[in-house]
Amino acid sequence: MKDKVRYIHPYKHKLPSEKSIDGQKSRSENMQLISIVQPSCGGSISSLSTQVYRRKRLKILGEIEPAGKCHKEEANLFKFLAPPLLAAVVALSPICNPPVSLGQTVDAQKGATLFRRACIGCHVAGGNIIQPGATLLSKDLQRNGVDTEEEIYRVTYYGKGRMPGFGENCTPRGQCTFGPRLREDEIQLLARFVKSQADQAWPNIETEGD
C-alpha cells in the first residue's frame, strides 16, 4: 500500500488570517496590504487613500503617529527664534521707549543753555575743575548724596561747600554767587538737565539757538 502523500498548498501560510479584531482586518493582513511611504519635509505627499490606510494601521496596532521631520524642524526653529524676536519687540515697544515730546526737547535745550551760562566754567562735560571728587557724574552724585533732582535743585539754589548758590533768595550771602541769580523755574530746568545728563553719561546736546 502506497504511502499517502500529504499535499501542502504553497501559499497556505501566506494567506491573510480570516479572523478580525473588532470588525477590522488583522495585523498581518494590514502589514501585507498597506505599504506606507513617509513624505519628506517639503516633498510630495502620498495619496489620500495611503494616508487613510496609514492612520487605520496605526490605530489597529495601537501606535502613536510620530511627528514628521518638518514639524520637528519648525518647532526647533521657533524655539531658536522666539527669544530674540520677543526681545526685539519689547525693545521697540513704545511702552519701553516712549517718544520724546517736543516740550521735553525744548526743556532740555533750555537746561543746556542755562548750564553753559552758569555752570560750565567749573563743570565742563559734567566734570569739576575745582573739586575732582564732586563731579556731576552719576557715581560722584550718588556718593555725595546729590543723585536726585530735588537734591541737585537744593545745592544749586543754596550752594554747598565750595559750590555757590544761585537762588534769588540764597542765604547766607557768603555761600551764594556774586554773579547773576537764577529764578526758581530756571533752577528746576537746570536740575532736571543735570540729572538727565548724568544718567546718560553726559552726551553732547544742542542748546537754544545752535
# chains A, B, ... in the order shown; residues from 1 in each chain; ligands from 1
call {"tool": "residues_around", "arguments": {"residues": "Val146 (chain A)", "least_positions_apart": "5", "cutoff": "12 Å", "atoms": "only C-alpha atoms", "output": "JSON list (two decimals) with N, CA, C and O atoms, in the first residue's frame"}}
result
[["chain", "number", "residue", "atom", "x", "y", "z"],
["A", 134, "ALA", "N", 33.88, 115.93, 43.25],
["A", 134, "ALA", "CA", 32.50, 116.43, 43.30],
["A", 134, "ALA", "C", 32.00, 116.74, 41.89],
["A", 134, "ALA", "O", 31.44, 117.81, 41.64],
["A", 135, "THR", "N", 32.21, 115.80, 41.00],
["A", 135, "THR", "CA", 31.75, 115.98, 39.63],
["A", 135, "THR", "C", 30.24, 115.77, 39.55],
["A", 135, "THR", "O", 29.58, 115.42, 40.55],
["A", 136, "LEU", "N", 29.71, 115.98, 38.37],
["A", 136, "LEU", "CA", 28.28, 115.75, 38.13],
["A", 136, "LEU", "C", 28.04, 114.40, 37.45],
["A", 136, "LEU", "O", 26.98, 114.19, 36.86],
["A", 137, "LEU", "N", 29.00, 113.50, 37.54],
["A", 137, "LEU", "CA", 28.82, 112.14, 37.05],
["A", 137, "LEU", "C", 28.02, 111.34, 38.07],
["A", 137, "LEU", "O", 28.05, 111.64, 39.27],
["A", 138, "SER", "N", 27.31, 110.32, 37.61],
["A", 138, "SER", "CA", 26.39, 109.57, 38.47],
["A", 138, "SER", "C", 27.08, 109.00, 39.70],
["A", 138, "SER", "O", 26.54, 109.07, 40.81],
["A", 139, "LYS", "N", 28.28, 108.45, 39.53],
["A", 139, "LYS", "CA", 28.96, 107.80, 40.67],
["A", 139, "LYS", "C", 29.28, 108.82, 41.77],
["A", 139, "LYS", "O", 29.13, 108.53, 42.97],
["A", 140, "ASP", "N", 29.71, 110.04, 41.38],
["A", 140, "ASP", "CA", 30.02, 111.06, 42.38],
["A", 140, "ASP", "C", 28.75, 111.65, 42.98],
["A", 140, "ASP", "O", 28.72, 111.97, 44.18],
["A", 141, "LEU", "N", 27.72, 111.82, 42.17],
["A", 141, "LEU", "CA", 26.46, 112.34, 42.70],
["A", 141, "LEU", "C", 25.89, 111.38, 43.75],
["A", 141, "LEU", "O", 25.40, 111.81, 44.79],
["A", 151, "GLU", "N", 17.70, 117.10, 45.28],
["A", 151, "GLU", "CA", 18.97, 117.44, 45.90],
["A", 151, "GLU", "C", 19.81, 118.34, 45.01],
["A", 151, "GLU", "O", 20.48, 119.27, 45.49],
["A", 152, "ILE", "N", 19.79, 118.06, 43.70],
["A", 152, "ILE", "CA", 20.52, 118.93, 42.75],
["A", 152, "ILE", "C", 19.93, 120.34, 42.79],
["A", 152, "ILE", "O", 20.68, 121.34, 42.77],
["A", 153, "TYR", "N", 18.61, 120.44, 42.87],
["A", 153, "TYR", "CA", 17.96, 121.75, 42.96],
["A", 153, "TYR", "C", 18.41, 122.48, 44.24],
["A", 153, "TYR", "O", 18.75, 123.67, 44.19],
["A", 154, "ARG", "N", 18.42, 121.77, 45.36],
["A", 154, "ARG", "CA", 18.75, 122.40, 46.64],
["A", 154, "ARG", "C", 20.19, 122.93, 46.64],
["A", 154, "ARG", "O", 20.46, 124.06, 47.07],
["A", 155, "VAL", "N", 21.13, 122.09, 46.14],
["A", 155, "VAL", "CA", 22.52, 122.52, 46.11],
["A", 155, "VAL", "C", 22.71, 123.69, 45.15],
["A", 155, "VAL", "O", 23.48, 124.63, 45.43],
["A", 156, "THR", "N", 22.01, 123.65, 44.02],
["A", 156, "THR", "CA", 22.13, 124.75, 43.05],
["A", 156, "THR", "C", 21.53, 126.04, 43.62],
["A", 156, "THR", "O", 22.05, 127.13, 43.36],
["A", 159, "GLY", "N", 23.70, 126.38, 47.43],
["A", 159, "GLY", "CA", 25.13, 126.12, 47.43],
["A", 159, "GLY", "C", 25.51, 125.08, 48.45],
["A", 159, "GLY", "O", 24.73, 124.72, 49.34],
["A", 160, "LYS", "N", 26.74, 124.56, 48.32],
["A", 160, "LYS", "CA", 27.25, 123.56, 49.27],
["A", 160, "LYS", "C", 28.76, 123.51, 49.15],
["A", 160, "LYS", "O", 29.30, 123.30, 48.07],
["A", 191, "ALA", "N", 18.32, 121.60, 37.20],
["A", 191, "ALA", "CA", 18.43, 120.35, 37.96],
["A", 191, "ALA", "C", 17.97, 119.16, 37.13],
["A", 191, "ALA", "O", 18.60, 118.08, 37.16],
["A", 194, "VAL", "N", 20.75, 118.41, 34.52],
["A", 194, "VAL", "CA", 21.93, 117.77, 35.11],
["A", 194, "VAL", "C", 21.64, 116.30, 35.43],
["A", 194, "VAL", "O", 22.47, 115.42, 35.15],
["A", 195, "LYS", "N", 20.48, 116.03, 35.99],
["A", 195, "LYS", "CA", 20.12, 114.64, 36.31],
["A", 195, "LYS", "C", 20.02, 113.79, 35.05],
["A", 195, "LYS", "O", 20.53, 112.65, 35.00],
["A", 198, "ALA", "N", 23.54, 113.20, 33.63],
["A", 198, "ALA", "CA", 24.30, 112.25, 34.45],
["A", 198, "ALA", "C", 23.85, 110.81, 34.18],
["A", 198, "ALA", "O", 24.68, 109.89, 34.12]]
call {"tool": "residues_around", "arguments": {"residues": "region 199-205 of chain A", "least_positions_apart": "5", "cutoff": "12 Å", "atoms": "only C-alpha atoms", "output": "JSON, numbers by chain"}}
result
{"A": [105, 106, 107, 108, 109, 110, 111, 112, 113, 115, 116, 123, 124, 125, 126, 127, 135, 136, 137, 138, 139, 140, 141, 142, 147, 148, 149, 192, 193, 194, 210]}
call {"tool": "write_last_selection", "arguments": {"atoms": "N, CA, C and O atoms", "output": "compact mmCIF listing (two decimals), in the first residue's frame"}}
result
# COMPACT_ATOMS: atom_id res chain seq x y z
N THR A 105 12.07 118.16 24.65
CA THR A 105 13.22 118.60 23.87
C THR A 105 13.53 120.06 24.15
O THR A 105 14.70 120.44 24.33
N VAL A 106 12.49 120.89 24.17
CA VAL A 106 12.68 122.33 24.45
C VAL A 106 13.24 122.54 25.84
O VAL A 106 14.16 123.35 26.05
N ASP A 107 12.71 121.80 26.84
CA ASP A 107 13.22 121.93 28.21
C ASP A 107 14.68 121.52 28.30
O ASP A 107 15.47 122.16 29.02
N ALA A 108 15.05 120.45 27.58
CA ALA A 108 16.45 120.01 27.60
C ALA A 108 17.35 121.07 26.99
O ALA A 108 18.46 121.33 27.50
N GLN A 109 16.91 121.72 25.92
CA GLN A 109 17.71 122.78 25.29
C GLN A 109 17.82 124.00 26.20
O GLN A 109 18.89 124.61 26.30
N LYS A 110 16.75 124.34 26.89
CA LYS A 110 16.80 125.46 27.83
C LYS A 110 17.74 125.14 28.99
O LYS A 110 18.51 125.99 29.44
N GLY A 111 17.66 123.90 29.49
CA GLY A 111 18.56 123.49 30.56
C GLY A 111 20.02 123.54 30.14
O GLY A 111 20.89 123.98 30.91
N ALA A 112 20.29 123.11 28.88
CA ALA A 112 21.66 123.17 28.38
C ALA A 112 22.14 124.61 28.27
O ALA A 112 23.31 124.92 28.57
N THR A 113 21.26 125.52 27.86
CA THR A 113 21.62 126.94 27.76
C THR A 113 21.96 127.50 29.14
O THR A 113 22.95 128.23 29.31
N PHE A 115 22.95 125.80 31.70
CA PHE A 115 24.17 125.16 32.18
C PHE A 115 25.40 125.85 31.61
O PHE A 115 26.39 126.09 32.33
N ARG A 116 25.37 126.17 30.34
CA ARG A 116 26.50 126.86 29.71
C ARG A 116 26.69 128.26 30.29
O ARG A 116 27.82 128.75 30.41
N HIS A 123 32.10 123.01 35.58
CA HIS A 123 31.57 121.65 35.35
C HIS A 123 31.51 121.30 33.86
O HIS A 123 30.52 120.71 33.40
N VAL A 124 32.53 121.61 33.12
CA VAL A 124 32.54 121.27 31.70
C VAL A 124 32.42 119.76 31.52
O VAL A 124 33.12 118.99 32.19
N ALA A 125 31.51 119.33 30.67
CA ALA A 125 31.26 117.90 30.38
C ALA A 125 30.93 117.11 31.64
O ALA A 125 31.18 115.91 31.71
N GLY A 126 30.36 117.79 32.65
CA GLY A 126 29.98 117.10 33.87
C GLY A 126 31.10 116.89 34.86
O GLY A 126 30.90 116.25 35.89
N GLY A 127 32.27 117.44 34.58
CA GLY A 127 33.39 117.29 35.50
C GLY A 127 33.38 118.35 36.59
O GLY A 127 32.36 118.99 36.84
N THR A 135 32.21 115.80 41.00
CA THR A 135 31.75 115.98 39.63
C THR A 135 30.24 115.77 39.55
O THR A 135 29.58 115.42 40.55
N LEU A 136 29.71 115.98 38.37
CA LEU A 136 28.28 115.75 38.13
C LEU A 136 28.04 114.40 37.45
O LEU A 136 26.98 114.19 36.86
N LEU A 137 29.00 113.50 37.54
CA LEU A 137 28.82 112.14 37.05
C LEU A 137 28.02 111.34 38.07
O LEU A 137 28.05 111.64 39.27
N SER A 138 27.31 110.32 37.61
CA SER A 138 26.39 109.57 38.47
C SER A 138 27.08 109.00 39.70
O SER A 138 26.54 109.07 40.81
N LYS A 139 28.28 108.45 39.53
CA LYS A 139 28.96 107.80 40.67
C LYS A 139 29.28 108.82 41.77
O LYS A 139 29.13 108.53 42.97
N ASP A 140 29.71 110.04 41.38
CA ASP A 140 30.02 111.06 42.38
C ASP A 140 28.75 111.65 42.98
O ASP A 140 28.72 111.97 44.18
N LEU A 141 27.72 111.82 42.17
CA LEU A 141 26.46 112.34 42.70
C LEU A 141 25.89 111.38 43.75
O LEU A 141 25.40 111.81 44.79
N GLN A 142 25.96 110.10 43.47
CA GLN A 142 25.46 109.11 44.42
C GLN A 142 26.30 109.09 45.70
O GLN A 142 25.77 109.03 46.80
N ASP A 147 21.99 112.70 44.13
CA ASP A 147 21.64 111.96 42.92
C ASP A 147 20.16 112.04 42.56
O ASP A 147 19.67 111.23 41.78
N THR A 148 19.44 113.02 43.10
CA THR A 148 18.04 113.23 42.73
C THR A 148 17.87 114.67 42.27
O THR A 148 18.69 115.56 42.59
N GLU A 149 16.80 114.92 41.52
CA GLU A 149 16.53 116.29 41.06
C GLU A 149 16.34 117.24 42.24
O GLU A 149 16.78 118.40 42.19
N ARG A 192 16.90 119.33 36.37
CA ARG A 192 16.40 118.25 35.52
C ARG A 192 17.41 117.92 34.43
O ARG A 192 17.63 116.75 34.09
N PHE A 193 18.03 118.95 33.88
CA PHE A 193 19.02 118.75 32.83
C PHE A 193 20.24 118.01 33.37
O PHE A 193 20.74 117.06 32.75
N VAL A 194 20.75 118.41 34.52
CA VAL A 194 21.93 117.77 35.11
C VAL A 194 21.64 116.30 35.43
O VAL A 194 22.47 115.42 35.15
N ASP A 210 21.44 126.84 18.65
CA ASP A 210 22.51 126.10 17.95
C ASP A 210 22.00 125.58 16.62
O ASP A 210 20.85 125.26 16.48
call {"tool": "atom_distance", "arguments": {"atom1": "CA of Tyr157 (chain A)", "atom2": "CA of Ile187 (chain A)"}}
result
7.0 Å
call {"tool": "atom_distance", "arguments": {"atom1": "CA of Gln131 (chain A)", "atom2": "CA of Gly161 (chain A)"}}
result
10.0 Å
call {"tool": "closest_residue", "arguments": {"among": "A:Ala118, A:Leu190, A:Leu86, A:Pro132", "to": "Thr177 (chain A)", "atoms": "only C-alpha atoms"}}
result
A:Ala118
call {"tool": "atom_distance", "arguments": {"atom1": "CA of Arg117 (chain A)", "atom2": "CA of Gly133 (chain A)"}}
result
22.6 Å
call {"tool": "closest_residue", "arguments": {"among": "A:Gly145, A:Ser196, A:Tyr158, A:Phe166", "to": "Arg181 (chain A)", "atoms": "only C-alpha atoms"}}
result
A:Phe166
